[in-house]
$ cat coords19.cif   # mmCIF, C-alpha atoms
data_my_file
#
loop_
_atom_site.label_atom_id
_atom_site.label_comp_id
_atom_site.auth_asym_id
_atom_site.auth_seq_id
_atom_site.Cartn_x
_atom_site.Cartn_y
_atom_site.Cartn_z
CA MET A 251 0.00 0.00 0.00
CA ALA A 252 1.30 3.46 -0.89
CA THR A 253 2.17 5.74 2.01
CA VAL A 254 0.85 9.28 2.38
CA ARG A 255 4.33 10.43 1.42
CA ASP A 256 4.16 8.47 -1.84
CA ILE A 257 0.69 9.80 -2.61
CA VAL A 258 1.62 13.44 -1.96
CA ARG A 259 4.72 13.15 -4.14
CA ARG A 260 2.81 11.38 -6.91
CA ASP A 261 0.08 14.03 -7.02
CA GLY A 262 2.41 17.02 -6.66
CA THR A 263 2.04 18.17 -10.25
CA LYS A 264 -1.71 18.78 -9.95
CA LEU A 265 -1.51 20.89 -6.78
CA THR A 266 -2.06 24.65 -6.58
CA ALA A 267 0.61 26.96 -5.15
CA SER A 268 -1.05 26.92 -1.71
CA GLU A 269 -1.42 23.16 -1.80
CA ARG A 270 2.25 22.76 -2.72
CA LYS A 271 3.13 24.72 0.43
CA ILE A 272 1.08 22.25 2.46
CA ALA A 273 2.71 19.29 0.70
CA SER A 274 6.20 20.71 1.29
CA ALA A 275 5.51 21.21 5.00
CA ILE A 276 4.19 17.65 5.36
CA LEU A 277 7.12 16.09 3.51
CA ALA A 278 9.72 18.22 5.31
CA ASP A 279 8.70 16.83 8.72
CA TYR A 280 7.05 13.58 7.76
CA PRO A 281 4.85 12.21 9.24
CA PHE A 282 4.76 14.49 12.25
CA ALA A 283 3.68 17.67 10.46
CA GLY A 284 0.52 15.90 9.33
CA LEU A 285 -0.32 14.84 12.87
CA GLN A 286 -0.82 18.42 14.03
CA THR A 287 -4.32 19.85 14.29
CA ILE A 288 -5.57 21.40 11.10
CA GLN A 289 -5.32 24.82 12.76
CA GLU A 290 -1.65 24.24 13.69
CA LEU A 291 -0.79 23.10 10.16
CA ALA A 292 -2.62 26.12 8.74
CA ALA A 293 -0.64 28.48 10.97
CA GLN A 294 2.64 26.77 10.05
CA THR A 295 2.05 26.97 6.31
CA GLY A 296 0.22 30.29 6.16
CA VAL A 297 -2.77 28.83 4.34
CA SER A 298 -6.35 28.48 5.51
CA ALA A 299 -7.89 25.40 7.14
CA PRO A 300 -10.34 25.01 4.20
CA SER A 301 -7.33 24.93 1.84
CA ILE A 302 -5.91 22.02 3.84
CA THR A 303 -9.25 20.22 3.66
CA ARG A 304 -9.28 20.67 -0.12
CA PHE A 305 -5.67 19.45 -0.29
CA VAL A 306 -6.33 16.17 1.54
CA SER A 307 -9.42 15.62 -0.60
CA LYS A 308 -7.44 16.19 -3.80
CA VAL A 309 -4.86 13.57 -2.83
CA GLY A 310 -7.57 11.01 -2.15
CA PHE A 311 -8.71 11.22 1.47
CA GLY A 312 -12.24 11.69 2.75
CA GLY A 313 -11.15 14.36 5.22
CA TYR A 314 -8.39 15.47 7.55
CA GLN A 315 -9.26 12.80 10.11
CA GLU A 316 -8.92 10.04 7.52
CA PHE A 317 -5.63 11.58 6.39
CA GLN A 318 -4.34 11.49 9.97
CA ARG A 319 -5.59 7.92 10.53
CA GLN A 320 -3.45 6.84 7.60
CA LEU A 321 -0.40 8.55 9.12
CA ILE A 322 -1.06 6.97 12.51
CA GLY A 323 -1.38 3.59 10.81
CA GLU A 324 2.01 4.11 9.19
CA LEU A 325 3.55 4.89 12.57
CA ARG A 326 2.13 1.63 13.91
CA GLU A 327 3.54 -0.26 10.91
CA GLY A 328 6.95 1.17 11.74
CA GLN A 329 6.81 -0.51 15.15
CA ARG A 330 5.68 -3.98 14.06
CA SER A 331 7.88 -6.80 15.32
CA PRO A 332 8.40 -10.31 13.88
CA LEU A 333 5.74 -11.49 16.34
CA ASP A 334 3.23 -9.07 14.78
CA LEU A 335 4.27 -9.89 11.22
CA MET A 336 3.96 -13.63 11.81
CA ALA A 337 0.21 -13.22 12.20
CA SER A 338 -0.09 -12.09 8.57
CA GLU A 339 2.68 -14.26 7.11
CA HIS A 340 2.07 -15.75 3.67
CA SER A 341 5.37 -17.47 3.00
CA GLY A 342 4.04 -20.19 0.67
CA GLN A 343 4.49 -23.94 0.55
CA ASP A 344 7.64 -25.47 2.03
CA GLU A 345 8.46 -27.44 -1.11
CA SER A 346 8.60 -24.28 -3.25
CA PHE A 347 9.53 -21.71 -0.62
CA LEU A 348 13.05 -20.89 -1.82
CA GLY A 349 11.96 -20.16 -5.38
CA ASP A 350 8.90 -18.21 -4.24
CA TYR A 351 10.94 -16.20 -1.77
CA ALA A 352 13.63 -15.40 -4.35
CA LYS A 353 10.95 -14.17 -6.76
CA ARG A 354 9.43 -11.99 -4.03
CA ILE A 355 12.78 -10.46 -3.15
CA ALA A 356 13.57 -9.85 -6.83
CA GLU A 357 10.31 -7.90 -7.09
CA GLN A 358 11.30 -5.81 -4.07
CA VAL A 359 14.71 -5.02 -5.58
CA ALA A 360 13.00 -4.02 -8.84
CA GLU A 361 10.66 -1.75 -6.86
CA MET A 362 13.68 -0.19 -5.14
CA ALA A 363 15.33 0.49 -8.49
CA SER A 364 12.24 2.27 -9.79
CA SER A 365 11.35 4.18 -6.62
CA VAL A 366 14.75 5.61 -5.63
CA PRO A 367 15.49 8.58 -7.92
CA GLN A 368 18.76 8.34 -9.84
CA ASP A 369 19.46 11.97 -8.91
CA GLN A 370 19.28 11.04 -5.23
CA PHE A 371 21.63 8.09 -5.74
CA ASN A 372 24.06 10.37 -7.60
CA SER A 373 23.95 12.97 -4.81
CA ILE A 374 24.86 10.35 -2.20
CA LEU A 375 27.54 8.95 -4.49
CA ARG A 376 29.20 12.37 -4.88
CA LEU A 377 29.21 12.90 -1.12
CA LEU A 378 30.74 9.50 -0.32
CA ALA A 379 33.33 9.78 -3.09
CA ASP A 380 34.55 13.26 -2.11
CA PRO A 381 37.95 12.69 -0.40
CA SER A 382 37.74 16.07 1.34
CA ARG A 383 34.79 14.79 3.40
CA SER A 384 35.09 12.34 6.25
CA VAL A 385 32.32 9.73 6.32
CA PHE A 386 30.80 8.42 9.56
CA LEU A 387 28.45 5.42 9.65
CA LEU A 388 26.17 3.69 12.13
CA GLY A 389 23.12 1.44 12.11
CA GLY A 390 20.62 -0.12 14.47
CA ARG A 391 20.51 -3.53 16.15
CA ILE A 392 20.35 -5.42 12.85
CA SER A 393 21.15 -2.74 10.30
CA ASP A 394 24.53 -1.90 11.82
CA SER A 395 25.81 -4.98 9.99
CA ILE A 396 24.99 -3.12 6.74
CA ALA A 397 26.79 -0.01 8.01
CA THR A 398 29.78 -2.25 8.80
CA PHE A 399 29.63 -3.79 5.32
CA LEU A 400 29.66 -0.35 3.68
CA SER A 401 32.41 1.02 5.94
CA VAL A 402 34.74 -1.96 5.34
CA HIS A 403 34.54 -1.45 1.57
CA LEU A 404 34.81 2.34 1.71
CA ARG A 405 37.94 2.06 3.86
CA GLN A 406 39.66 0.15 1.07
CA ILE A 407 38.56 2.73 -1.50
CA ARG A 408 39.35 5.99 0.31
CA PRO A 409 40.59 7.37 3.67
CA ASN A 410 38.70 9.01 6.54
CA ILE A 411 35.92 6.45 7.00
CA TYR A 412 34.69 6.04 10.58
CA HIS A 413 32.24 3.40 11.79
CA LEU A 414 30.91 4.47 15.19
CA ALA A 415 31.34 1.97 18.00
CA GLY A 416 28.43 0.09 19.52
CA ASN A 417 29.32 1.56 22.93
CA GLN A 418 27.52 4.90 23.22
CA GLU A 419 30.18 6.18 25.64
CA ARG A 420 32.57 6.31 22.67
CA TRP A 421 30.27 8.35 20.43
CA PRO A 422 31.39 11.80 21.69
CA ASP A 423 34.88 11.18 20.27
CA ASP A 424 33.45 10.71 16.77
CA ILE A 425 30.95 13.55 17.17
CA LEU A 426 33.74 15.95 18.08
CA ARG A 427 35.62 14.84 14.97
CA MET A 428 32.72 15.73 12.65
CA ARG A 429 32.83 18.90 10.58
CA LYS A 430 30.08 20.68 8.69
CA ARG A 431 31.29 19.36 5.32
CA ASP A 432 31.43 15.74 6.52
CA VAL A 433 28.83 13.01 5.95
CA PHE A 434 26.98 10.90 8.51
CA VAL A 435 25.23 7.80 7.12
CA LEU A 436 22.62 6.18 9.36
CA PHE A 437 20.68 2.95 8.79
CA ASP A 438 17.44 2.57 10.74
CA PHE A 439 14.59 0.21 9.84
CA ARG A 440 11.50 -0.71 11.80
CA ARG A 441 11.48 -1.08 14.83
CA TYR A 442 13.30 2.25 15.04
CA GLN A 443 15.81 2.99 17.77
CA PRO A 444 15.25 6.07 19.95
CA ASP A 445 18.97 6.32 20.77
CA LEU A 446 19.82 6.72 17.08
CA GLU A 447 17.29 9.53 16.73
CA ARG A 448 18.77 11.29 19.75
CA LEU A 449 22.23 10.87 18.26
CA ALA A 450 21.08 12.29 14.91
CA ALA A 451 19.42 15.26 16.63
CA THR A 452 22.60 15.99 18.61
CA VAL A 453 24.85 15.70 15.57
CA ALA A 454 22.54 17.87 13.45
CA SER A 455 22.39 20.65 16.02
CA ARG A 456 25.96 20.55 17.30
CA ARG A 457 28.09 19.57 14.27
CA ASN A 458 25.77 19.97 11.25
CA PRO A 459 27.26 17.46 8.78
CA THR A 460 25.20 16.17 5.87
CA ILE A 461 23.06 13.38 7.34
CA ILE A 462 22.00 10.54 5.03
CA LEU A 463 19.31 8.18 6.32
CA ILE A 464 18.67 4.75 4.80
CA THR A 465 15.28 3.58 6.10
CA ASP A 466 11.96 2.04 5.00
CA LYS A 467 8.75 3.57 3.65
CA TRP A 468 7.33 4.19 7.14
CA MET A 469 10.28 6.48 7.88
CA SER A 470 12.53 6.37 10.90
CA PRO A 471 12.09 9.49 13.08
CA ILE A 472 15.69 10.27 12.11
CA ALA A 473 14.21 11.59 8.84
CA ARG A 474 13.33 14.89 10.50
CA HIS A 475 17.05 15.51 11.17
CA SER A 476 18.30 14.26 7.79
CA ASP A 477 19.32 16.01 4.59
CA LEU A 478 18.83 12.97 2.33
CA VAL A 479 16.40 10.14 3.06
CA VAL A 480 16.32 6.88 1.09
CA ALA A 481 13.17 4.83 1.70
CA LEU A 482 13.65 1.18 0.69
CA PRO A 483 11.18 -1.75 0.41
CA ILE A 484 11.61 -4.23 3.25
CA GLU A 485 8.42 -6.36 3.31
CA SER A 486 9.01 -10.02 2.51
CA GLY A 487 5.59 -11.44 3.40
CA THR A 488 7.16 -13.34 6.31
CA ALA A 489 7.82 -12.58 9.97
CA TRP A 490 11.19 -11.15 8.94
CA ASP A 491 11.74 -8.00 6.92
CA THR A 492 14.30 -8.26 4.14
CA VAL A 493 17.53 -6.27 3.91
CA ALA A 494 18.09 -7.34 0.29
CA CYS A 495 17.26 -3.89 -1.08
CA ALA A 496 19.55 -2.21 1.44
CA ILE A 497 22.42 -4.51 0.48
CA ALA A 498 21.78 -3.97 -3.24
CA PHE A 499 21.69 -0.19 -2.75
CA VAL A 500 24.91 -0.24 -0.71
CA GLU A 501 26.68 -2.50 -3.21
CA ALA A 502 25.72 -0.14 -6.04
CA LEU A 503 27.24 2.74 -4.06
CA ILE A 504 30.45 0.79 -3.43
CA VAL A 505 30.86 0.04 -7.13
CA LYS A 506 30.34 3.62 -8.25
CA VAL A 507 32.39 5.23 -5.45
CA SER A 508 35.32 3.02 -6.43
CA GLU A 509 34.99 4.12 -10.05
CA VAL A 510 34.87 7.88 -9.46
CA ASN A 511 38.67 7.96 -9.25
CA TRP A 512 39.74 4.44 -10.12
CA PRO A 513 43.51 5.19 -10.32
CA GLU A 514 43.47 6.39 -6.68
CA THR A 515 41.23 3.49 -5.65
CA ARG A 516 43.60 1.03 -7.26
CA LYS A 517 46.64 2.57 -5.56
CA ARG A 518 44.93 2.40 -2.17
CA ILE A 519 43.85 -1.23 -2.60
CA GLU A 520 47.37 -2.18 -3.68
CA ALA A 521 48.86 -0.37 -0.67
CA TRP A 522 46.22 -1.95 1.58
CA ASP A 523 47.04 -5.45 0.32
CA SER A 524 50.79 -4.88 0.72
CA LEU A 525 50.31 -4.15 4.44
CA ARG A 526 48.21 -7.22 5.22
CA LEU A 527 49.88 -9.75 7.48
CA SER A 528 48.31 -12.45 5.29
CA PRO A 529 48.32 -10.98 1.77
CA PRO A 530 45.70 -12.38 -0.62
CA SER A 531 47.10 -15.10 -2.89
CA GLY A 532 45.47 -13.76 -6.04
CA SER A 533 44.70 -10.36 -7.52
CA GLN A 534 41.22 -10.36 -6.00
CA GLU A 535 40.07 -11.60 -2.60
#
$ encode --input "coords19.cif" --output "structure tokens"
Amino acid sequence: MATVRDIVRRDGTKLTASERKIASAILADYPFAGLQTIQELAAQTGVSAPSITRFVSKVGFGGYQEFQRQLIGELREGQRSPLDLMASEHSGQDESFLGDYAKRIAEQVAEMASSVPQDQFNSILRLLADPSRSVFLLGGRISDSIATFLSVHLRQIRPNIYHLAGNQERWPDDILRMRKRDVFVLFDFRRYQPDLERLAATVASRRNPTIILITDKWMSPIARHSDLVVALPIESGTAWDTVACAIAFVEALIVKVSEVNWPETRKRIEAWDSLRLSPPSGSQE
């Protein structure tokens, strides 16, 4: 099912100037801006309450209450655990499960490829490939493994890559190292982690680097502190959300970052390999 965010973006071309102001306010602080009273949203955007009513009707809702119920439903979806998802699991027959699951994941990856704008991918690529910017990375309970995967590859491609430690007491050291021109990449999928949002809020207000969030369509609260937000499909139809799209997205970044300045990448990999205590036996590990 499409989220309110998807619907507002899809219908953006048919909105009036006043309605575009409403849409921009909702998307800029999604979904929280839409959970205000209609009077509060009107005051924030400088448009009338009737204009907001017309806006929600134009994008397909029966009224402001229905619009807000959809947003509240999305917030609930963002907190669903494997125990909740198991109740609606439709994983298929055991004898054909692997093939069925692979097909389902392939469809999700195809959806990711069509839903993530190429311009957004290119913007992230330029930031990660810029050697004048340090890159900091962190993820949640499960998604930190993806942050680790990306950081390990980026370290072989370019210098100044920092994966924040799991111990929060060590975070201040990395925060103090951040500069305004640096990049902070965060991974956070449902169920979202409050400590990561607090970290993002602190970093945004105190150090102001470019914050990139990789999340799902229900949007980690970190989105309100982020400069770039990538919303990826994660539903697999089972009790367990898939990270296949996140891995595919990260692998695509690794490939293109390495190619931005391949001569320098090659020199660094060669130097890296020469310093290994157990050098790889072939030209490629």
$ closest_atom_pairs --input "coords19.cif" --of "region 412-523 of chain A" --to "region 260-277 of chain A" --cutoff "12 Å" --atoms "only C-alpha atoms" --output "CSV"
residue,atom,partner,partner_atom,distance
A:Met469,CA,A:Leu277,CA,11.0
A:Ala473,CA,A:Leu277,CA,9.9
A:Arg474,CA,A:Leu277,CA,9.4
A:Val479,CA,A:Leu277,CA,11.0
$ closest_residue --input "coords19.cif" --among "A:Trp468, A:Arg354, A:Arg457, A:Arg420" --to "Phe282 (chain A)" --atoms "only C-alpha atoms"
A:Trp468
$ atom_distance --input "coords19.cif" --atom1 "CA of Glu501 (chain A)" --atom2 "CA of Leu400 (chain A)"
7.8 Å
$ resolve_selection --input "coords19.cif" --expression "the PyMOL selection byres ((chain A and resi 382-388) around 6)" --output "list in words"
Asp380, Pro381, Gly389, Asp394, Ala397, Asn410, Ile411, Tyr412, His413, Leu414, Asp432, Val433, Phe434, Val435 and Leu436 of chain A
$ atom_distance --input "coords19.cif" --atom1 "CA of Leu291 (chain A)" --atom2 "CA of Arg259 (chain A)"
18.3 Å
$ residues_near_point --input "coords19.cif" --point "(13.4, 13.4, 9.0)" --cutoff "9 Å" --atoms "all atoms listed in the file" --output "VMD selection string"
chain A and resid 277 to 281 463 469 to 479
$ residues_around --input "coords19.cif" --residues "Trp522 (chain A)" --least-positions-apart "5" --cutoff "10 Å" --atoms "only C-alpha atoms" --output "tab-separated table (two decimals) with C-alpha atoms, in the frame of the given file"
chain	number	residue	atom	x	y	z
A	405	ARG	CA	37.94	2.06	3.86
A	406	GLN	CA	39.66	0.15	1.07
A	407	ILE	CA	38.56	2.73	-1.50
A	516	ARG	CA	43.60	1.03	-7.26
A	517	LYS	CA	46.64	2.57	-5.56
A	529	PRO	CA	48.32	-10.98	1.77
$ resolve_selection --input "coords19.cif" --expression "the PyMOL selection byres ((chain A and resi 492) around 12)" --output "PDB file with C-alpha atoms, in the frame of the given file"
ATOM      1  CA  PRO A 332       8.400 -10.310  13.880  1.00  0.00           C
ATOM      2  CA  TYR A 351      10.940 -16.200  -1.770  1.00  0.00           C
ATOM      3  CA  ALA A 352      13.630 -15.400  -4.350  1.00  0.00           C
ATOM      4  CA  ARG A 354       9.430 -11.990  -4.030  1.00  0.00           C
ATOM      5  CA  ILE A 355      12.780 -10.460  -3.150  1.00  0.00           C
ATOM      6  CA  ALA A 356      13.570  -9.850  -6.830  1.00  0.00           C
ATOM      7  CA  GLU A 357      10.310  -7.900  -7.090  1.00  0.00           C
ATOM      8  CA  GLN A 358      11.300  -5.810  -4.070  1.00  0.00           C
ATOM      9  CA  VAL A 359      14.710  -5.020  -5.580  1.00  0.00           C
ATOM     10  CA  ILE A 392      20.350  -5.420  12.850  1.00  0.00           C
ATOM     11  CA  SER A 393      21.150  -2.740  10.300  1.00  0.00           C
ATOM     12  CA  PHE A 439      14.590   0.210   9.840  1.00  0.00           C
ATOM     13  CA  ARG A 440      11.500  -0.710  11.800  1.00  0.00           C
ATOM     14  CA  ASP A 466      11.960   2.040   5.000  1.00  0.00           C
ATOM     15  CA  LEU A 482      13.650   1.180   0.690  1.00  0.00           C
ATOM     16  CA  PRO A 483      11.180  -1.750   0.410  1.00  0.00           C
ATOM     17  CA  ILE A 484      11.610  -4.230   3.250  1.00  0.00           C
ATOM     18  CA  GLU A 485       8.420  -6.360   3.310  1.00  0.00           C
ATOM     19  CA  SER A 486       9.010 -10.020   2.510  1.00  0.00           C
ATOM     20  CA  GLY A 487       5.590 -11.440   3.400  1.00  0.00           C
ATOM     21  CA  THR A 488       7.160 -13.340   6.310  1.00  0.00           C
ATOM     22  CA  ALA A 489       7.820 -12.580   9.970  1.00  0.00           C
ATOM     23  CA  TRP A 490      11.190 -11.150   8.940  1.00  0.00           C
ATOM     24  CA  ASP A 491      11.740  -8.000   6.920  1.00  0.00           C
ATOM     25  CA  VAL A 493      17.530  -6.270   3.910  1.00  0.00           C
ATOM     26  CA  ALA A 494      18.090  -7.340   0.290  1.00  0.00           C
ATOM     27  CA  CYS A 495      17.260  -3.890  -1.080  1.00  0.00           C
ATOM     28  CA  ALA A 496      19.550  -2.210   1.440  1.00  0.00           C
ATOM     29  CA  ILE A 497      22.420  -4.510   0.480  1.00  0.00           C
ATOM     30  CA  ALA A 498      21.780  -3.970  -3.240  1.00  0.00           C
TER      31      ALA A 498
END
$ atom_distance --input "coords19.cif" --atom1 "CA of Gln294 (chain A)" --atom2 "CA of Ser455 (chain A)"
21.5 Å
$ closest_residue --input "coords19.cif" --among "A:Ile374, A:Ala283, A:Trp512, A:Phe317" --to "Arg304 (chain A)" --atoms "all atoms listed in the file"
A:Phe317
$ resolve_selection --input "coords19.cif" --expression "the PyMOL selection byres ((chain A and resi 430) around 8)" --output "list in words"
Met428, Arg429, Arg431, Asp432, Arg457, Asn458, Pro459 and Thr460 of chain A
$ closest_residue --input "coords19.cif" --among "A:Gln289, A:Gln418, A:Ser373, A:Thr295" --to "Val507 (chain A)" --atoms "only C-alpha atoms"
A:Ser373
$ residues_around --input "coords19.cif" --residues "Arg391 (chain A)" --least-positions-apart "3" --cutoff "9 Å" --atoms "all atoms listed in the file" --output "mmCIF file with C-alpha atoms, keeping the file's coordinate frame"
data_model
loop_
_atom_site.group_PDB
_atom_site.id
_atom_site.type_symbol
_atom_site.label_atom_id
_atom_site.label_comp_id
_atom_site.auth_asym_id
_atom_site.auth_seq_id
_atom_site.Cartn_x
_atom_site.Cartn_y
_atom_site.Cartn_z
ATOM 1 C CA ASP A 394 24.530 -1.900 11.820
ATOM 2 C CA SER A 395 25.810 -4.980 9.990
ATOM 3 C CA ASP A 438 17.440 2.570 10.740
ATOM 4 C CA GLN A 443 15.810 2.990 17.770
#
$ closest_residue --input "coords19.cif" --among "A:Phe305, A:Val505, A:Ile464, A:Ser346" --to "Ala292 (chain A)" --atoms "all atoms listed in the file"
A:Phe305
$ closest_residue --input "coords19.cif" --among "A:Gly416, A:Arg427, A:Glu514, A:Lys467" --to "Leu446 (chain A)" --atoms "all atoms listed in the file"
A:Gly416
$ decode --input "coords19.cif" --residues "region 289-320 of chain A" --atoms "N, CA and C atoms" --output "JSON list (two decimals), in the first residue's frame"
[["chain", "number", "residue", "atom", "x", "y", "z"],
["A", 289, "GLN", "N", -5.61, 23.41, 12.47],
["A", 289, "GLN", "CA", -5.32, 24.82, 12.76],
["A", 289, "GLN", "C", -3.82, 25.05, 12.89],
["A", 290, "GLU", "N", -3.10, 24.11, 13.54],
["A", 290, "GLU", "CA", -1.65, 24.24, 13.69],
["A", 290, "GLU", "C", -0.95, 24.15, 12.34],
["A", 291, "LEU", "N", -1.40, 23.23, 11.49],
["A", 291, "LEU", "CA", -0.79, 23.10, 10.16],
["A", 291, "LEU", "C", -1.07, 24.35, 9.32],
["A", 292, "ALA", "N", -2.28, 24.91, 9.47],
["A", 292, "ALA", "CA", -2.62, 26.12, 8.74],
["A", 292, "ALA", "C", -1.73, 27.28, 9.16],
["A", 293, "ALA", "N", -1.50, 27.40, 10.47],
["A", 293, "ALA", "CA", -0.64, 28.48, 10.97],
["A", 293, "ALA", "C", 0.80, 28.29, 10.50],
["A", 294, "GLN", "N", 1.26, 27.05, 10.47],
["A", 294, "GLN", "CA", 2.64, 26.77, 10.05],
["A", 294, "GLN", "C", 2.86, 27.10, 8.58],
["A", 295, "THR", "N", 1.88, 26.80, 7.75],
["A", 295, "THR", "CA", 2.05, 26.97, 6.31],
["A", 295, "THR", "C", 1.55, 28.30, 5.78],
["A", 296, "GLY", "N", 0.77, 29.01, 6.60],
["A", 296, "GLY", "CA", 0.22, 30.29, 6.16],
["A", 296, "GLY", "C", -0.93, 30.16, 5.18],
["A", 297, "VAL", "N", -1.58, 29.01, 5.19],
["A", 297, "VAL", "CA", -2.77, 28.83, 4.34],
["A", 297, "VAL", "C", -3.97, 28.57, 5.25],
["A", 298, "SER", "N", -5.15, 28.64, 4.70],
["A", 298, "SER", "CA", -6.35, 28.48, 5.51],
["A", 298, "SER", "C", -6.68, 27.00, 5.76],
["A", 299, "ALA", "N", -7.45, 26.76, 6.83],
["A", 299, "ALA", "CA", -7.89, 25.40, 7.14],
["A", 299, "ALA", "C", -8.71, 24.80, 5.99],
["A", 300, "PRO", "N", -9.62, 25.58, 5.35],
["A", 300, "PRO", "CA", -10.34, 25.01, 4.20],
["A", 300, "PRO", "C", -9.42, 24.59, 3.06],
["A", 301, "SER", "N", -8.29, 25.31, 2.88],
["A", 301, "SER", "CA", -7.33, 24.93, 1.84],
["A", 301, "SER", "C", -6.71, 23.56, 2.15],
["A", 302, "ILE", "N", -6.46, 23.31, 3.44],
["A", 302, "ILE", "CA", -5.91, 22.02, 3.84],
["A", 302, "ILE", "C", -6.93, 20.91, 3.61],
["A", 303, "THR", "N", -8.19, 21.20, 3.90],
["A", 303, "THR", "CA", -9.25, 20.22, 3.66],
["A", 303, "THR", "C", -9.34, 19.89, 2.17],
["A", 304, "ARG", "N", -9.24, 20.92, 1.32],
["A", 304, "ARG", "CA", -9.28, 20.67, -0.12],
["A", 304, "ARG", "C", -8.05, 19.87, -0.57],
["A", 305, "PHE", "N", -6.91, 20.16, 0.05],
["A", 305, "PHE", "CA", -5.67, 19.45, -0.29],
["A", 305, "PHE", "C", -5.80, 17.95, 0.00],
["A", 306, "VAL", "N", -6.24, 17.59, 1.20],
["A", 306, "VAL", "CA", -6.33, 16.17, 1.54],
["A", 306, "VAL", "C", -7.37, 15.46, 0.68],
["A", 307, "SER", "N", -8.42, 16.20, 0.29],
["A", 307, "SER", "CA", -9.42, 15.62, -0.60],
["A", 307, "SER", "C", -8.83, 15.38, -1.99],
["A", 308, "LYS", "N", -8.02, 16.32, -2.46],
["A", 308, "LYS", "CA", -7.44, 16.19, -3.80],
["A", 308, "LYS", "C", -6.49, 15.00, -3.89],
["A", 309, "VAL", "N", -5.80, 14.70, -2.79],
["A", 309, "VAL", "CA", -4.86, 13.57, -2.83],
["A", 309, "VAL", "C", -5.51, 12.25, -2.45],
["A", 310, "GLY", "N", -6.85, 12.28, -2.26],
["A", 310, "GLY", "CA", -7.57, 11.01, -2.15],
["A", 310, "GLY", "C", -8.13, 10.62, -0.81],
["A", 311, "PHE", "N", -8.18, 11.55, 0.15],
["A", 311, "PHE", "CA", -8.71, 11.22, 1.47],
["A", 311, "PHE", "C", -10.06, 11.87, 1.69],
["A", 312, "GLY", "N", -10.90, 11.19, 2.50],
["A", 312, "GLY", "CA", -12.24, 11.69, 2.75],
["A", 312, "GLY", "C", -12.30, 12.91, 3.65],
["A", 313, "GLY", "N", -11.21, 13.22, 4.32],
["A", 313, "GLY", "CA", -11.15, 14.36, 5.22],
["A", 313, "GLY", "C", -9.84, 14.34, 5.99],
["A", 314, "TYR", "N", -9.64, 15.36, 6.81],
["A", 314, "TYR", "CA", -8.39, 15.47, 7.55],
["A", 314, "TYR", "C", -8.24, 14.35, 8.56],
["A", 315, "GLN", "N", -9.34, 13.90, 9.15],
["A", 315, "GLN", "CA", -9.26, 12.80, 10.11],
["A", 315, "GLN", "C", -8.81, 11.51, 9.43],
["A", 316, "GLU", "N", -9.34, 11.23, 8.24],
["A", 316, "GLU", "CA", -8.92, 10.04, 7.52],
["A", 316, "GLU", "C", -7.45, 10.13, 7.13],
["A", 317, "PHE", "N", -7.03, 11.32, 6.72],
["A", 317, "PHE", "CA", -5.63, 11.58, 6.39],
["A", 317, "PHE", "C", -4.74, 11.27, 7.59],
["A", 318, "GLN", "N", -5.14, 11.73, 8.77],
["A", 318, "GLN", "CA", -4.34, 11.49, 9.97],
["A", 318, "GLN", "C", -4.39, 10.02, 10.40],
["A", 319, "ARG", "N", -5.52, 9.35, 10.20],
["A", 319, "ARG", "CA", -5.59, 7.92, 10.53],
["A", 319, "ARG", "C", -4.59, 7.12, 9.70],
["A", 320, "GLN", "N", -4.43, 7.52, 8.44],
["A", 320, "GLN", "CA", -3.45, 6.84, 7.60],
["A", 320, "GLN", "C", -2.04, 7.05, 8.15]]
